[in-house]
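Structure first, then comments.
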Amino acid sequence: MPSTRSPGRSWPVTGAKSLTWDKADRVVRLAGRWDMATVTANARLFDRVKPPKDAAVTIDLSEIEAMDSAGAWVIERGRRAFAERGAAVTLTGVSERFAGLIEMAGKTDLQGARTERARPFIRLLNRTGERTVRIGGEFVLLTSFLGQLVVTLIVTLVRPARLRFASISHHIEATGINAVPIVSLMAFLIGVVIAYQGATQLREFGAEIFVVELTAISIFRELGVLITSIVVAGRSGSAFTAQIGTMVVNQEVDAMRTLGLDPMVVLVVPRVIALVITLPLLTFVANLVGVLGGAMIAWVSLDISFGSFLIRLQSEIEIRTFFIGMVKAPIFAVIIAMVGCFQGMRVTGSAESVGRRTTQAVVQGIMLVIVLDAGFSVVFAELGI
């Protein structure tokens, strides 16, 4: 076939014979394979064909040997490019094997054009709906994971020989002992802030002594366990996701299953049990340090000695106030550990997925803790506790 582009003669656009442009008859003849492997080259071939404006162009598909959705998209893209130049384009030689692909490519392209021209409010509704469906699906999967975790915990507690005590002790150290400094610092500063702000306001009414009740009730009932849970979610929950996610990427979890080991028993249960043990202890430490911070501010700003502070604390604060906060800690611990492990198990084979799932674990863990804490507050208020 000649390579010169003389008028009235057909010529191949490149050395390959997948596209031939017959200028005399204004026919684009396609041949060979039109699939993912040739999509880039074939797209370039179409781009080099420039039919006259307002001409009648025929695209002949009778010699195509293989086609997939990528190839059909390239053909539809070329057809639309010709149409934009004002040409009247006709497709011929479409076999029954490829007719569905060609039709789908045309509809998909038109739907995409309609989506781009949609009003901003409609696009906002579409994105909101997609996000809602995605969140609903994530909630269903998380609930399923919770059920699997509960069953595994029950079976493991019935058969304690399956427990990995070395792993549990390791995670107790990592999530509990190593977290004491940051939790103590946060609780101390929270106690200082509450007592200082309370003292400033109560001084105007001559009720400075009530700063003891303000500090103790705030920390014991709500802030001690809430601040501790948020710190642990950001520190330990993210670590659980990163550790398990890295094992998924390195195919270590698949190797466990091949060896007959249950990842729920080996990876998830020790972390959940360790956090259920350590979070109440960290909450206890946070409560003590937070009250200590409030007592220090009461001594510095209000001249209330430590002895007077403790006497007032013992006489005015009921023991149930302390336990109301403590009872939340194990539940928050299960939520944080479960979310961290769940997101870790959902990591796909890339480092980007590890980072994305780690972020989701922190956000979901903190959000669920705050929602549960709000629920506890409503329930306790209704019960008069």
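To be explicit about the labels: the chains of the structure tokens are called A, B, and onward in the order shown, and within each one the residues are counted from 1, while ligands get numbers from 1 in the order they are shown.
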For stretch 32-35 of chain A, please output as a tab-separated table (two decimals) with N, CA and C atoms, in the first residue's frame all residues within 10 Å (counting only C-alpha atoms; exclusion window: fewer than 4 positions along the same chain).
chain	number	residue	atom	x	y	z
A	16	ALA	N	1.40	0.60	10.64
A	16	ALA	CA	0.45	-0.44	11.00
A	16	ALA	C	-0.80	-0.30	10.14
A	17	LYS	N	-1.54	-1.39	10.01
A	17	LYS	CA	-2.73	-1.39	9.18
A	17	LYS	C	-4.01	-1.35	10.00
A	18	SER	N	-3.95	-0.85	11.23
A	18	SER	CA	-5.14	-0.82	12.06
A	18	SER	C	-6.10	0.29	11.66
A	19	LEU	N	-5.61	1.32	10.95
A	19	LEU	CA	-6.49	2.40	10.50
A	19	LEU	C	-6.00	2.90	9.14
A	39	VAL	N	-4.76	0.81	22.79
A	39	VAL	CA	-5.62	1.99	22.93
A	39	VAL	C	-4.86	3.29	22.66
A	40	THR	N	-3.63	3.40	23.16
A	40	THR	CA	-2.88	4.65	22.98
A	40	THR	C	-2.52	4.88	21.52
A	41	ALA	N	-2.00	3.84	20.86
A	41	ALA	CA	-1.60	3.97	19.46
A	41	ALA	C	-2.81	4.26	18.57
A	42	ASN	N	-3.91	3.55	18.80
A	42	ASN	CA	-5.09	3.76	17.96
A	42	ASN	C	-5.71	5.13	18.18
A	43	ALA	N	-5.66	5.64	19.39
A	43	ALA	CA	-6.17	6.98	19.64
A	43	ALA	C	-5.36	8.02	18.86
A	61	LEU	N	-15.98	-0.84	10.28
A	61	LEU	CA	-15.46	-1.70	11.34
A	61	LEU	C	-15.45	-3.18	10.94
A	63	GLU	N	-13.40	-5.11	9.40
A	63	GLU	CA	-12.17	-5.90	9.44
A	63	GLU	C	-11.55	-5.96	10.84
A	64	ILE	N	-12.27	-5.47	11.84
A	64	ILE	CA	-11.74	-5.53	13.22
A	64	ILE	C	-11.79	-6.97	13.71
A	65	GLU	N	-10.69	-7.46	14.26
A	65	GLU	CA	-10.58	-8.84	14.72
A	65	GLU	C	-10.92	-8.99	16.20
A	66	ALA	N	-10.55	-8.00	17.04
A	66	ALA	CA	-10.79	-8.08	18.48
A	66	ALA	C	-11.06	-6.67	19.00
A	67	MET	N	-11.95	-6.60	19.98
A	67	MET	CA	-12.29	-5.30	20.55
A	67	MET	C	-12.74	-5.49	21.99
A	68	ASP	N	-12.35	-4.54	22.85
A	68	ASP	CA	-12.88	-4.49	24.21
A	68	ASP	C	-13.44	-3.09	24.45
A	69	SER	N	-13.81	-2.81	25.71
A	69	SER	CA	-14.43	-1.52	26.00
A	69	SER	C	-13.49	-0.35	25.72
A	70	ALA	N	-12.18	-0.55	25.93
A	70	ALA	CA	-11.22	0.53	25.65
A	70	ALA	C	-11.18	0.85	24.17
A	71	GLY	N	-11.16	-0.19	23.33
A	71	GLY	CA	-11.17	0.04	21.89
A	71	GLY	C	-12.45	0.70	21.44
A	72	ALA	N	-13.60	0.26	21.98
A	72	ALA	CA	-14.87	0.89	21.63
A	72	ALA	C	-14.89	2.35	22.02
A	73	TRP	N	-14.28	2.67	23.16
A	73	TRP	CA	-14.23	4.07	23.59
A	73	TRP	C	-13.40	4.91	22.62
A	74	VAL	N	-12.28	4.36	22.11
A	74	VAL	CA	-11.45	5.10	21.15
A	74	VAL	C	-12.23	5.38	19.87
A	75	ILE	N	-12.98	4.38	19.41
A	75	ILE	CA	-13.78	4.58	18.20
A	75	ILE	C	-14.84	5.65	18.42
Return as number ranges by chain the full set of residues in stretch 238-286 of chain A whose backbone-based DSSP assignment is alpha helix (DSSP H). A: 238-249, 252-258, 263, 269-286
Go ahead and save the picked residues with N, CA and C atoms, as a CSV table (one decimal), in the first residue's frame.
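Output file selection-v9.csv is given in full below:
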chain,number,residue,atom,x,y,z
A,238,SER,N,-4.5,4.2,65.5
A,238,SER,CA,-3.7,4.4,64.2
A,238,SER,C,-2.6,3.4,64.1
A,239,ALA,N,-2.0,3.1,65.3
A,239,ALA,CA,-0.9,2.1,65.2
A,239,ALA,C,-1.4,0.7,64.9
A,240,PHE,N,-2.6,0.3,65.4
A,240,PHE,CA,-3.2,-1.0,65.0
A,240,PHE,C,-3.4,-1.0,63.5
A,241,THR,N,-4.0,0.0,62.9
A,241,THR,CA,-4.2,0.0,61.5
A,241,THR,C,-2.9,-0.1,60.7
A,242,ALA,N,-1.9,0.7,61.1
A,242,ALA,CA,-0.7,0.7,60.3
A,242,ALA,C,0.0,-0.7,60.4
A,243,GLN,N,0.0,-1.3,61.6
A,243,GLN,CA,0.7,-2.6,61.8
A,243,GLN,C,0.0,-3.7,61.0
A,244,ILE,N,-1.3,-3.8,61.2
A,244,ILE,CA,-2.0,-4.8,60.4
A,244,ILE,C,-2.0,-4.6,58.9
A,245,GLY,N,-2.2,-3.3,58.6
A,245,GLY,CA,-2.2,-2.9,57.2
A,245,GLY,C,-0.9,-3.3,56.5
A,246,THR,N,0.2,-3.0,57.2
A,246,THR,CA,1.5,-3.4,56.6
A,246,THR,C,1.7,-4.9,56.4
A,247,MET,N,1.1,-5.6,57.4
A,247,MET,CA,1.2,-7.1,57.2
A,247,MET,C,0.3,-7.6,56.1
A,248,VAL,N,-0.8,-6.9,55.8
A,248,VAL,CA,-1.6,-7.2,54.7
A,248,VAL,C,-0.9,-6.9,53.4
A,249,VAL,N,-0.2,-5.8,53.3
A,249,VAL,CA,0.5,-5.4,52.1
A,249,VAL,C,1.6,-6.4,51.8
A,252,GLU,N,1.6,-11.1,54.8
A,252,GLU,CA,1.8,-11.9,56.0
A,252,GLU,C,0.4,-12.5,56.5
A,253,VAL,N,-0.7,-11.7,56.3
A,253,VAL,CA,-2.0,-12.2,56.8
A,253,VAL,C,-2.4,-13.4,55.9
A,254,ASP,N,-2.1,-13.3,54.6
A,254,ASP,CA,-2.4,-14.5,53.7
A,254,ASP,C,-1.6,-15.7,54.1
A,255,ALA,N,-0.3,-15.4,54.5
A,255,ALA,CA,0.5,-16.5,55.0
A,255,ALA,C,-0.1,-17.2,56.3
A,256,MET,N,-0.6,-16.4,57.2
A,256,MET,CA,-1.2,-16.9,58.4
A,256,MET,C,-2.4,-17.8,58.0
A,257,ARG,N,-3.2,-17.4,57.1
A,257,ARG,CA,-4.4,-18.2,56.7
A,257,ARG,C,-3.9,-19.5,56.0
A,258,THR,N,-2.8,-19.4,55.3
A,258,THR,CA,-2.3,-20.6,54.6
A,258,THR,C,-1.8,-21.6,55.7
A,263,PRO,N,-6.5,-14.9,61.6
A,263,PRO,CA,-6.0,-13.5,61.9
A,263,PRO,C,-6.7,-12.8,63.0
A,269,VAL,N,-7.7,-10.1,68.5
A,269,VAL,CA,-8.1,-10.4,69.9
A,269,VAL,C,-7.1,-9.9,70.9
A,270,PRO,N,-5.8,-10.1,70.7
A,270,PRO,CA,-4.8,-9.6,71.7
A,270,PRO,C,-4.8,-8.1,71.8
A,271,ARG,N,-5.0,-7.4,70.7
A,271,ARG,CA,-5.1,-5.9,70.8
A,271,ARG,C,-6.3,-5.4,71.5
A,272,VAL,N,-7.5,-6.1,71.2
A,272,VAL,CA,-8.7,-5.7,71.9
A,272,VAL,C,-8.6,-5.9,73.4
A,273,ILE,N,-8.1,-7.1,73.8
A,273,ILE,CA,-8.0,-7.4,75.2
A,273,ILE,C,-7.0,-6.4,75.9
A,274,ALA,N,-5.9,-6.2,75.3
A,274,ALA,CA,-4.9,-5.3,75.8
A,274,ALA,C,-5.5,-3.9,76.1
A,275,LEU,N,-6.2,-3.4,75.1
A,275,LEU,CA,-6.8,-2.0,75.2
A,275,LEU,C,-7.9,-2.0,76.2
A,276,VAL,N,-8.7,-3.0,76.3
A,276,VAL,CA,-9.7,-3.1,77.4
A,276,VAL,C,-9.1,-3.0,78.8
A,277,ILE,N,-7.9,-3.6,78.9
A,277,ILE,CA,-7.2,-3.5,80.2
A,277,ILE,C,-6.6,-2.2,80.5
A,278,THR,N,-6.0,-1.6,79.4
A,278,THR,CA,-5.2,-0.4,79.6
A,278,THR,C,-6.0,0.9,79.7
A,279,LEU,N,-7.0,1.0,78.9
A,279,LEU,CA,-7.8,2.2,78.8
A,279,LEU,C,-8.4,2.6,80.2
A,280,PRO,N,-9.1,1.7,80.9
A,280,PRO,CA,-9.5,2.1,82.3
A,280,PRO,C,-8.4,2.5,83.2
A,281,LEU,N,-7.2,1.9,83.1
A,281,LEU,CA,-6.1,2.3,83.9
A,281,LEU,C,-5.6,3.7,83.5
A,282,LEU,N,-5.6,3.9,82.2
A,282,LEU,CA,-5.2,5.3,81.8
A,282,LEU,C,-6.2,6.3,82.2
A,283,THR,N,-7.5,6.0,82.2
A,283,THR,CA,-8.5,6.9,82.6
A,283,THR,C,-8.4,7.2,84.1
A,284,PHE,N,-8.1,6.2,84.9
A,284,PHE,CA,-7.8,6.4,86.3
A,284,PHE,C,-6.7,7.4,86.5
A,285,VAL,N,-5.6,7.2,85.8
A,285,VAL,CA,-4.4,8.1,85.9
A,285,VAL,C,-4.8,9.5,85.5
A,286,ALA,N,-5.6,9.6,84.4
A,286,ALA,CA,-6.0,10.9,83.9
A,286,ALA,C,-6.9,11.6,84.9
What is the distance between atom CA of A:Ala187 and atom CA of A:Met296, in Å to one decimal?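 Computing the Euclidean distance for atom CA of A:Ala187 and atom CA of A:Met296 yields 13.1 Å.
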Which of stretch 37-270 of chain A counts as strand (DSSP E or B) under DSSP, as an MDAnalysis selection string please? chainID A and resid 56:67 88:92
Show me, as a list in words, the residues that have an atom within 6 Å of stretch 218-230 of chain A when counting only C-alpha atoms, minus same-chain residues fewer than 2 positions from it. Thr215, Ala216, Val232, Ala233, Thr283, Ala286, Asn287, Thr321, Phe322, Ile324, Gly325 and Ile366 of chain A
Can you list, as a list in words, every protein, DNA or RNA residue that comes within 9 Å of A:Val339 when you count only C-alpha atoms, leaving out same-chain residues fewer than 4 positions away?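 That gives Leu142, Gly237, Phe240, Thr241, Val334, Ile335, Gln343, Gly344, Gln360, Ala361, Val362, Gln364 and Gly365 of chain A.
The shortest atom-to-atom distance to A:Val268, with only C-alpha atoms taken into account, belongs to A:Gln148 out of A:Ile190, A:Gln148, A:Glu318, A:Ile297.
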Separation of atom CA of A:Gly260 and atom CA of A:Leu153, in Å? 18.1 Å
Looking at only C-alpha atoms, which of A:Phe145, A:Phe332, A:Phe306, A:Phe82 is the one that sits closest to A:Pro51?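 Of A:Phe145, A:Phe332, A:Phe306, A:Phe82, the one nearest A:Pro51 is A:Phe82, counting only C-alpha atoms.
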Can you tell me which residues surround stretch 307-314 of chain A at a distance of at most 7 Å, considering only C-alpha atoms, apart from same-chain residues fewer than 5 positions away, and format the answer as a PyMOL selection string? chain A and resi 212-213+295
May I have the selected residues written with C-alpha atoms, as a PDB file, in the first residue's frame?
ATOM      1  CA  VAL A 212     -13.656  21.855  93.545  1.00  0.00           C
ATOM      2  CA  GLU A 213     -17.002  20.410  92.404  1.00  0.00           C
ATOM      3  CA  ALA A 295      -6.041  21.590  92.939  1.00  0.00           C
TER       4      ALA A 295
END
Which residue of A:Met264, A:Met186, A:Ala56, A:Val289 approaches A:Val151 most closely, using only C-alpha atoms: A:Met264
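Distance check against A:Glu103 using only C-alpha atoms: of A:Leu288, A:Phe121, A:Ser305, A:Glu76, the minimum falls on A:Glu76.
What separates atom CA of A:Arg85 from atom CA of A:Lys50 is a distance of 8.7 Å.
Minimum atom-to-atom distances from A:Ala333, A:Met367, A:Val57, A:Ala195 to A:Leu292 were compared using only C-alpha atoms, and the lowest value belongs to A:Ala195.
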For A:Val94, list every protein, DNA or RNA residue within 7 Å, evaluated using only C-alpha atoms, and leave out those in the same chain fewer than 3 positions away; present the list as a PyMOL selection string. chain A and resi 61-62+98-99
With distances taken over only C-alpha atoms, which residue among A:Lys328, A:Asp60, A:Arg119, A:His171 lies nearest A:Ala374?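 Going through A:Lys328, A:Asp60, A:Arg119, A:His171 one by one, the smallest distance to A:Ala374 is for A:Lys328.
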Quick one: residues within 12 Å of A:Arg80, only C-alpha atoms counted, chain neighbours fewer than 2 positions away excluded, as a list in words?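 My reading of the contact set: Phe46, Asp47, Val57, Ile59, Trp73, Val74, Ile75, Glu76, Arg77, Gly78, Phe82, Ala83, Glu84, Arg85, Gly86, Ala87, Ala88, Val89, Thr90, Leu91, Ala105, Gly106, Asp109, Leu110 and Ala113 of chain A.
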